[in-house]
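Quick look at entry_23.cif (mmCIF, C-alpha atoms):
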data_final
loop_
_atom_site.label_atom_id
_atom_site.label_comp_id
_atom_site.auth_asym_id
_atom_site.auth_seq_id
_atom_site.Cartn_x
_atom_site.Cartn_y
_atom_site.Cartn_z
CA MET A 254 62.34 23.62 117.99
CA LYS A 255 58.68 22.94 117.34
CA VAL A 256 57.49 19.46 118.31
CA ASP A 257 53.94 18.19 117.85
CA ILE A 258 53.10 14.95 119.65
CA PHE A 259 50.06 13.14 118.24
CA SER A 260 48.72 10.74 120.84
CA ASP A 261 45.63 9.43 122.58
CA VAL A 262 45.02 9.18 126.31
CA ALA A 263 43.75 5.63 125.70
CA CYS A 264 46.98 4.51 124.01
CA PRO A 265 49.39 2.74 126.39
CA TRP A 266 52.38 3.19 124.08
CA CYS A 267 51.62 6.90 123.97
CA TYR A 268 51.97 7.01 127.76
CA ILE A 269 55.32 5.25 127.52
CA GLY A 270 56.47 7.39 124.60
CA HIS A 271 55.40 10.51 126.46
CA ALA A 272 57.62 9.54 129.40
CA ARG A 273 60.59 8.60 127.23
CA PHE A 274 60.44 11.78 125.17
CA ALA A 275 60.22 13.86 128.37
CA LYS A 276 63.57 12.44 129.48
CA ALA A 277 65.20 13.32 126.17
CA ALA A 278 63.61 16.77 126.17
CA GLU A 279 64.99 17.47 129.63
CA ARG A 280 68.50 16.52 128.49
CA PHE A 281 68.15 18.60 125.31
CA ARG A 282 67.11 21.65 127.30
CA ALA A 283 69.96 21.07 129.74
CA LYS A 284 72.35 21.42 126.78
CA GLY A 285 70.83 24.77 125.93
CA GLY A 286 68.24 23.58 123.42
CA ARG A 287 64.82 25.17 123.29
CA LEU A 288 61.64 23.20 122.63
CA GLU A 289 58.05 24.18 121.98
CA VAL A 290 56.13 20.94 122.58
CA THR A 291 52.42 20.74 121.79
CA MET A 292 50.19 17.77 122.48
CA ARG A 293 47.96 16.94 119.51
CA PRO A 294 44.82 14.75 119.55
CA PHE A 295 44.22 11.37 117.97
CA LEU A 296 41.19 9.15 118.54
CA LEU A 297 41.99 5.45 118.50
CA ASN A 298 38.40 4.60 119.36
CA PRO A 299 36.12 7.40 118.17
CA ASP A 300 33.05 5.29 118.94
CA ALA A 301 34.04 4.46 122.51
CA PRO A 302 31.16 4.96 124.99
CA GLN A 303 31.34 8.03 127.20
CA THR A 304 29.71 6.03 130.00
CA GLY A 305 32.66 3.64 129.91
CA GLU A 306 33.14 -0.12 130.09
CA PRO A 307 35.93 -2.40 131.34
CA LEU A 308 38.96 -1.96 129.11
CA MET A 309 39.78 -5.67 129.15
CA GLU A 310 36.44 -6.46 127.53
CA ALA A 311 37.12 -3.96 124.76
CA LEU A 312 40.64 -5.31 124.22
CA GLU A 313 39.36 -8.87 123.95
CA ARG A 314 36.86 -7.84 121.29
CA LYS A 315 39.52 -6.00 119.31
CA PHE A 316 42.54 -8.29 119.64
CA GLY A 317 41.14 -11.69 120.53
CA PRO A 318 42.74 -14.25 122.86
CA ASN A 319 46.22 -12.69 122.70
CA PHE A 320 45.17 -9.48 124.40
CA ARG A 321 46.33 -10.50 127.88
CA ALA A 322 49.84 -11.39 126.72
CA MET A 323 50.02 -8.13 124.80
CA SER A 324 48.89 -6.04 127.77
CA GLY A 325 51.45 -7.86 129.93
CA ARG A 326 54.27 -6.83 127.58
CA VAL A 327 53.08 -3.25 127.66
CA ALA A 328 52.95 -3.25 131.45
CA GLU A 329 56.52 -4.55 131.61
CA ALA A 330 57.73 -1.83 129.23
CA GLY A 331 55.94 0.78 131.29
CA ALA A 332 57.44 -0.46 134.54
CA GLU A 333 60.90 0.14 133.10
CA GLU A 334 59.94 3.80 132.78
CA GLY A 335 58.46 3.95 136.28
CA LEU A 336 54.87 3.78 135.02
CA GLU A 337 52.18 1.56 136.51
CA PHE A 338 49.59 -0.05 134.24
CA ASP A 339 46.48 -1.58 135.77
CA PHE A 340 44.60 -2.87 132.73
CA GLU A 341 42.20 -4.89 134.88
CA HIS A 342 40.62 -1.75 136.32
CA ALA A 343 41.02 0.64 133.37
CA VAL A 344 37.87 2.10 131.81
CA HIS A 345 37.40 2.08 128.04
CA THR A 346 35.74 5.41 127.27
CA SER A 347 35.61 8.36 124.88
CA THR A 348 38.71 10.57 125.07
CA ALA A 349 37.31 13.47 123.03
CA GLU A 350 36.71 15.68 126.08
CA ALA A 351 40.08 14.70 127.53
CA HIS A 352 41.71 16.01 124.35
CA ARG A 353 39.76 19.23 124.62
CA LEU A 354 41.01 19.64 128.18
CA ILE A 355 44.60 19.06 127.04
CA GLU A 356 44.10 21.77 124.41
CA VAL A 357 42.84 24.19 127.07
CA ALA A 358 45.74 23.27 129.33
CA GLY A 359 48.21 23.83 126.50
CA ARG A 360 46.98 27.41 126.14
CA GLN A 361 47.82 27.85 129.81
CA GLY A 362 51.26 26.30 129.47
CA LEU A 363 50.22 23.06 131.15
CA GLY A 364 49.53 20.74 128.21
CA HIS A 365 52.30 18.28 129.07
CA GLU A 366 51.23 18.13 132.72
CA MET A 367 47.55 17.68 131.85
CA ALA A 368 48.30 14.87 129.42
CA ASP A 369 50.48 13.11 131.97
CA ARG A 370 47.75 13.37 134.61
CA LEU A 371 45.15 11.96 132.21
CA PHE A 372 47.39 9.06 131.21
CA ARG A 373 47.86 8.19 134.88
CA ALA A 374 44.15 8.50 135.56
CA TYR A 375 43.31 6.16 132.68
CA PHE A 376 45.96 3.47 133.02
CA THR A 377 46.89 3.53 136.72
CA GLU A 378 43.87 4.76 138.64
CA GLY A 379 41.00 3.25 136.63
CA LEU A 380 39.18 6.57 136.27
CA ASN A 381 36.65 7.30 133.53
CA VAL A 382 38.30 10.18 131.65
CA GLY A 383 35.11 10.65 129.65
CA ASP A 384 33.24 11.73 132.76
CA ALA A 385 32.83 15.50 133.18
CA GLY A 386 33.21 15.35 136.96
CA VAL A 387 36.44 13.36 136.74
CA LEU A 388 37.87 15.78 134.17
CA ALA A 389 36.97 18.79 136.32
CA ARG A 390 38.75 17.27 139.30
CA LEU A 391 41.86 16.39 137.31
CA ALA A 392 41.99 19.87 135.79
CA ALA A 393 41.86 21.40 139.26
CA GLU A 394 44.68 19.12 140.43
CA VAL A 395 46.92 20.30 137.59
CA GLY A 396 45.91 23.93 138.03
CA VAL A 397 44.05 24.23 134.73
CA GLU A 398 41.06 26.54 134.43
CA ASP A 399 38.67 24.82 132.05
CA THR A 400 37.26 27.61 129.90
CA GLY A 401 35.06 25.22 127.94
CA GLU A 402 36.93 26.09 124.76
CA GLY A 403 39.16 23.93 122.58
CA ALA A 404 36.66 21.73 120.73
CA ASP A 405 37.16 23.51 117.42
CA GLU A 406 40.95 23.19 117.64
CA VAL A 407 40.68 19.50 118.50
CA ARG A 408 38.53 18.90 115.42
CA SER A 409 40.99 20.89 113.30
CA GLN A 410 43.97 18.88 114.56
CA LEU A 411 42.16 15.57 114.01
CA GLN A 412 41.62 16.63 110.41
CA ARG A 413 45.29 17.56 110.18
CA ALA A 414 46.27 14.11 111.43
CA ARG A 415 44.13 12.52 108.73
CA ALA A 416 45.63 14.81 106.08
CA LEU A 417 49.12 13.79 107.20
CA GLY A 418 48.16 10.14 106.85
CA ILE A 419 48.66 9.35 110.51
CA THR A 420 47.06 6.01 111.37
CA GLY A 421 49.01 5.09 114.50
CA VAL A 422 50.32 6.86 117.57
CA PRO A 423 52.39 8.09 119.22
CA LEU A 424 53.83 10.13 116.40
CA PHE A 425 56.34 12.91 116.99
CA LEU A 426 56.50 15.62 114.32
CA PHE A 427 59.50 17.93 114.42
CA GLU A 428 59.41 21.30 112.69
CA ASP A 429 56.53 20.04 110.53
CA LYS A 430 59.14 18.10 108.54
CA TYR A 431 60.63 15.18 110.46
CA SER A 432 58.55 12.42 111.98
CA VAL A 433 59.29 9.61 114.40
CA SER A 434 56.63 7.03 115.18
CA GLY A 435 56.35 4.77 118.19
CA ALA A 436 57.50 4.88 121.79
CA GLN A 437 61.19 4.96 120.89
CA PRO A 438 63.86 4.66 123.59
CA ALA A 439 64.85 7.99 125.13
CA GLU A 440 68.28 7.61 123.53
CA VAL A 441 66.69 7.59 120.08
CA PHE A 442 64.87 10.82 120.90
CA ASP A 443 68.22 12.25 122.04
CA GLN A 444 69.64 11.57 118.60
CA VAL A 445 66.60 12.87 116.75
CA LEU A 446 66.55 16.13 118.67
CA ASP A 447 70.24 16.70 117.96
CA GLU A 448 69.88 15.85 114.27
CA VAL A 449 66.79 17.99 113.71
CA ALA A 450 68.56 20.88 115.40
CA GLU A 451 71.29 20.65 112.77
CA ARG A 452 69.68 19.39 109.59
CA THR A 453 67.06 20.50 107.09
CA GLY A 454 64.91 18.28 104.90
CA GLN A 455 61.85 16.14 105.29
CA VAL A 456 61.16 12.58 106.41
CA PRO A 457 57.93 11.08 105.00
CA LEU A 458 55.36 9.68 107.38
CA ALA A 459 55.50 5.88 107.37
CA PRO A 460 52.15 4.07 107.64
CA ALA A 461 51.69 2.14 110.85
CA ALA A 462 50.52 -1.45 110.89
CA ASP A 463 47.28 -2.46 112.55
CA GLY A 464 47.38 -3.29 116.22
CA CYS A 465 48.68 -1.92 119.48
CA ASP A 466 52.15 -3.36 119.95
CA ASP A 467 55.78 -2.74 119.04
CA GLY A 468 55.64 0.78 120.39
CA TYR A 469 52.53 2.25 118.77
CA CYS A 470 48.78 1.95 118.67
CA ALA A 471 46.96 1.92 115.35
CA VAL A 472 43.35 2.48 114.39
#

Rewritten as structure tokens:
Amino acid sequence: MKVDIFSDVACPWCYIGHARFAKAAERFRAKGGRLEVTMRPFLLNPDAPQTGEPLMEALERKFGPNFRAMSGRVAEAGAEEGLEFDFEHAVHTSTAEAHRLIEVAGRQGLGHEMADRLFRAYFTEGLNVGDAGVLARLAAEVGVEDTGEGADEVRSQLQRARALGITGVPLFLFEDKYSVSGAQPAEVFDQVLDEVAERTGQVPLAPAADGCDDGYCAV
């Protein structure tokens, strides 16, 4: 089964959704199912500075006085999945090069692992994932040889996301027909994987509301 996961390293709900889907995928494979999962890029903040700035300052500009309560809810949801969010030390930065690195890793069969490492670097370790030196070190940790390629494919997939009408992530696209948006519980992904394995048809993409709550992040 082909699964494309549109997400952004800077999206906290993508990190949570990534972890939840991984649990469902493991159970699906244990039942004999076969999955071809590809990480696809999405830029929540295409104008984010590559030099980086404190994430909390960027969140306050974007969401106003409620940003701390919102980040607290996200951190609680992440903790339930065994994920640690340290918003106070996170760095708001461009994720374009991080997506290119994930594309390179995917060609080497390590896309999932590279994405997971980048999520952890961004939200747990306070690293600037727009910095070339940081990306080189993380690639080496995962065992990815950065060939310098992938930029063209990232641009192509960003255009594809726009053509599909995707405005919020995470979005999970199954067999280019069925879509599920948001960081759904792992049990929901269990059901979706089973249903897609049996059914044919198409589910239209639903537009996401503005914001970064309720399981997705929107532009």

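This file, filtered with the PyMOL selection byres ((chain A and resi 376) around 7), gives the residues Phe338, Asp339, Phe340, Ala343, Phe372, Arg373, Ala374, Tyr375, Thr377, Glu378 and Gly379 of chain A.
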
Nearest-residue call for Arg293 of chain A, choices A:Val407, A:Val327, A:Ala439, A:Ala392, using only C-alpha atoms: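 Closest to Arg293 of chain A, using only C-alpha atoms: A:Val407.
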
Figure out the distance between atom CA of His352 of chain A and atom CA of Asn298 of chain A, please, to one decimal in Å.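 Between atom CA of Asn298 of chain A and atom CA of His352 of chain A the gap works out to 12.9 Å.
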
Quick one: apply the PyMOL selection byres ((chain A and resi 310) around 12) to the file and drop the selected residues here as a PyMOL selection string. chain A and resi 305-309+311-318+320-321+340-346

Resulting file, chosen residues, C-alpha atoms, as a PDB file, keeping the file's coordinate frame:
ATOM      1  CA  GLY A 305      32.660   3.640 129.910  1.00  0.00           C
ATOM      2  CA  GLU A 306      33.140  -0.120 130.090  1.00  0.00           C
ATOM      3  CA  PRO A 307      35.930  -2.400 131.340  1.00  0.00           C
ATOM      4  CA  LEU A 308      38.960  -1.960 129.110  1.00  0.00           C
ATOM      5  CA  MET A 309      39.780  -5.670 129.150  1.00  0.00           C
ATOM      6  CA  ALA A 311      37.120  -3.960 124.760  1.00  0.00           C
ATOM      7  CA  LEU A 312      40.640  -5.310 124.220  1.00  0.00           C
ATOM      8  CA  GLU A 313      39.360  -8.870 123.950  1.00  0.00           C
ATOM      9  CA  ARG A 314      36.860  -7.840 121.290  1.00  0.00           C
ATOM     10  CA  LYS A 315      39.520  -6.000 119.310  1.00  0.00           C
ATOM     11  CA  PHE A 316      42.540  -8.290 119.640  1.00  0.00           C
ATOM     12  CA  GLY A 317      41.140 -11.690 120.530  1.00  0.00           C
ATOM     13  CA  PRO A 318      42.740 -14.250 122.860  1.00  0.00           C
ATOM     14  CA  PHE A 320      45.170  -9.480 124.400  1.00  0.00           C
ATOM     15  CA  ARG A 321      46.330 -10.500 127.880  1.00  0.00           C
ATOM     16  CA  PHE A 340      44.600  -2.870 132.730  1.00  0.00           C
ATOM     17  CA  GLU A 341      42.200  -4.890 134.880  1.00  0.00           C
ATOM     18  CA  HIS A 342      40.620  -1.750 136.320  1.00  0.00           C
ATOM     19  CA  ALA A 343      41.020   0.640 133.370  1.00  0.00           C
ATOM     20  CA  VAL A 344      37.870   2.100 131.810  1.00  0.00           C
ATOM     21  CA  HIS A 345      37.400   2.080 128.040  1.00  0.00           C
ATOM     22  CA  THR A 346      35.740   5.410 127.270  1.00  0.00           C
TER      23      THR A 346
END

On this structure, which residues satisfy the PyMOL selection byres ((chain A and resi 411-424) around 6), written as a list in words? Ile258, Phe259, Ser260, Cys267, Arg408, Ser409, Gln410, Phe425, Val433, Ser434, Gly435, Ala461, Tyr469, Cys470, Ala471 and Val472 of chain A

Students should find that atom CA of Thr304 of chain A and atom CA of Ala404 of chain A are spaced 19.5 Å

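The shortest atom-to-atom distance to Asp300 of chain A, with all atoms listed in the file taken into account, belongs to A:Thr348 out of A:Phe427, A:Thr348, A:Asn381, A:His365.
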
One decimal, Å: what's the distance from atom CA of Glu350 of chain A over to atom CA of Gln303 of chain A, could you say?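 Taking atom CA of Glu350 of chain A as the start and atom CA of Gln303 of chain A as the end point, the length is 9.4 Å.
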
Tell me which of A:Val449, A:Met367, A:Leu388, A:Ala328 sits closest to Tyr431 of chain A, counting all atoms listed in the file.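 Once distances to Tyr431 of chain A are computed over all atoms listed in the file, the minimum belongs to A:Val449.
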
Pick out the closest residue to Ala272 of chain A from this set: A:Leu380, A:Leu446, A:Ala368, A:Val397. Count all atoms listed in the file.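 The shortest atom-to-atom distance to Ala272 of chain A comes from A:Ala368.
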
Which is closer to Glu402 of chain A than all the others in A:Gly359, A:Pro438, A:Gly383, A:Gly285, using only C-alpha atoms? A:Gly359
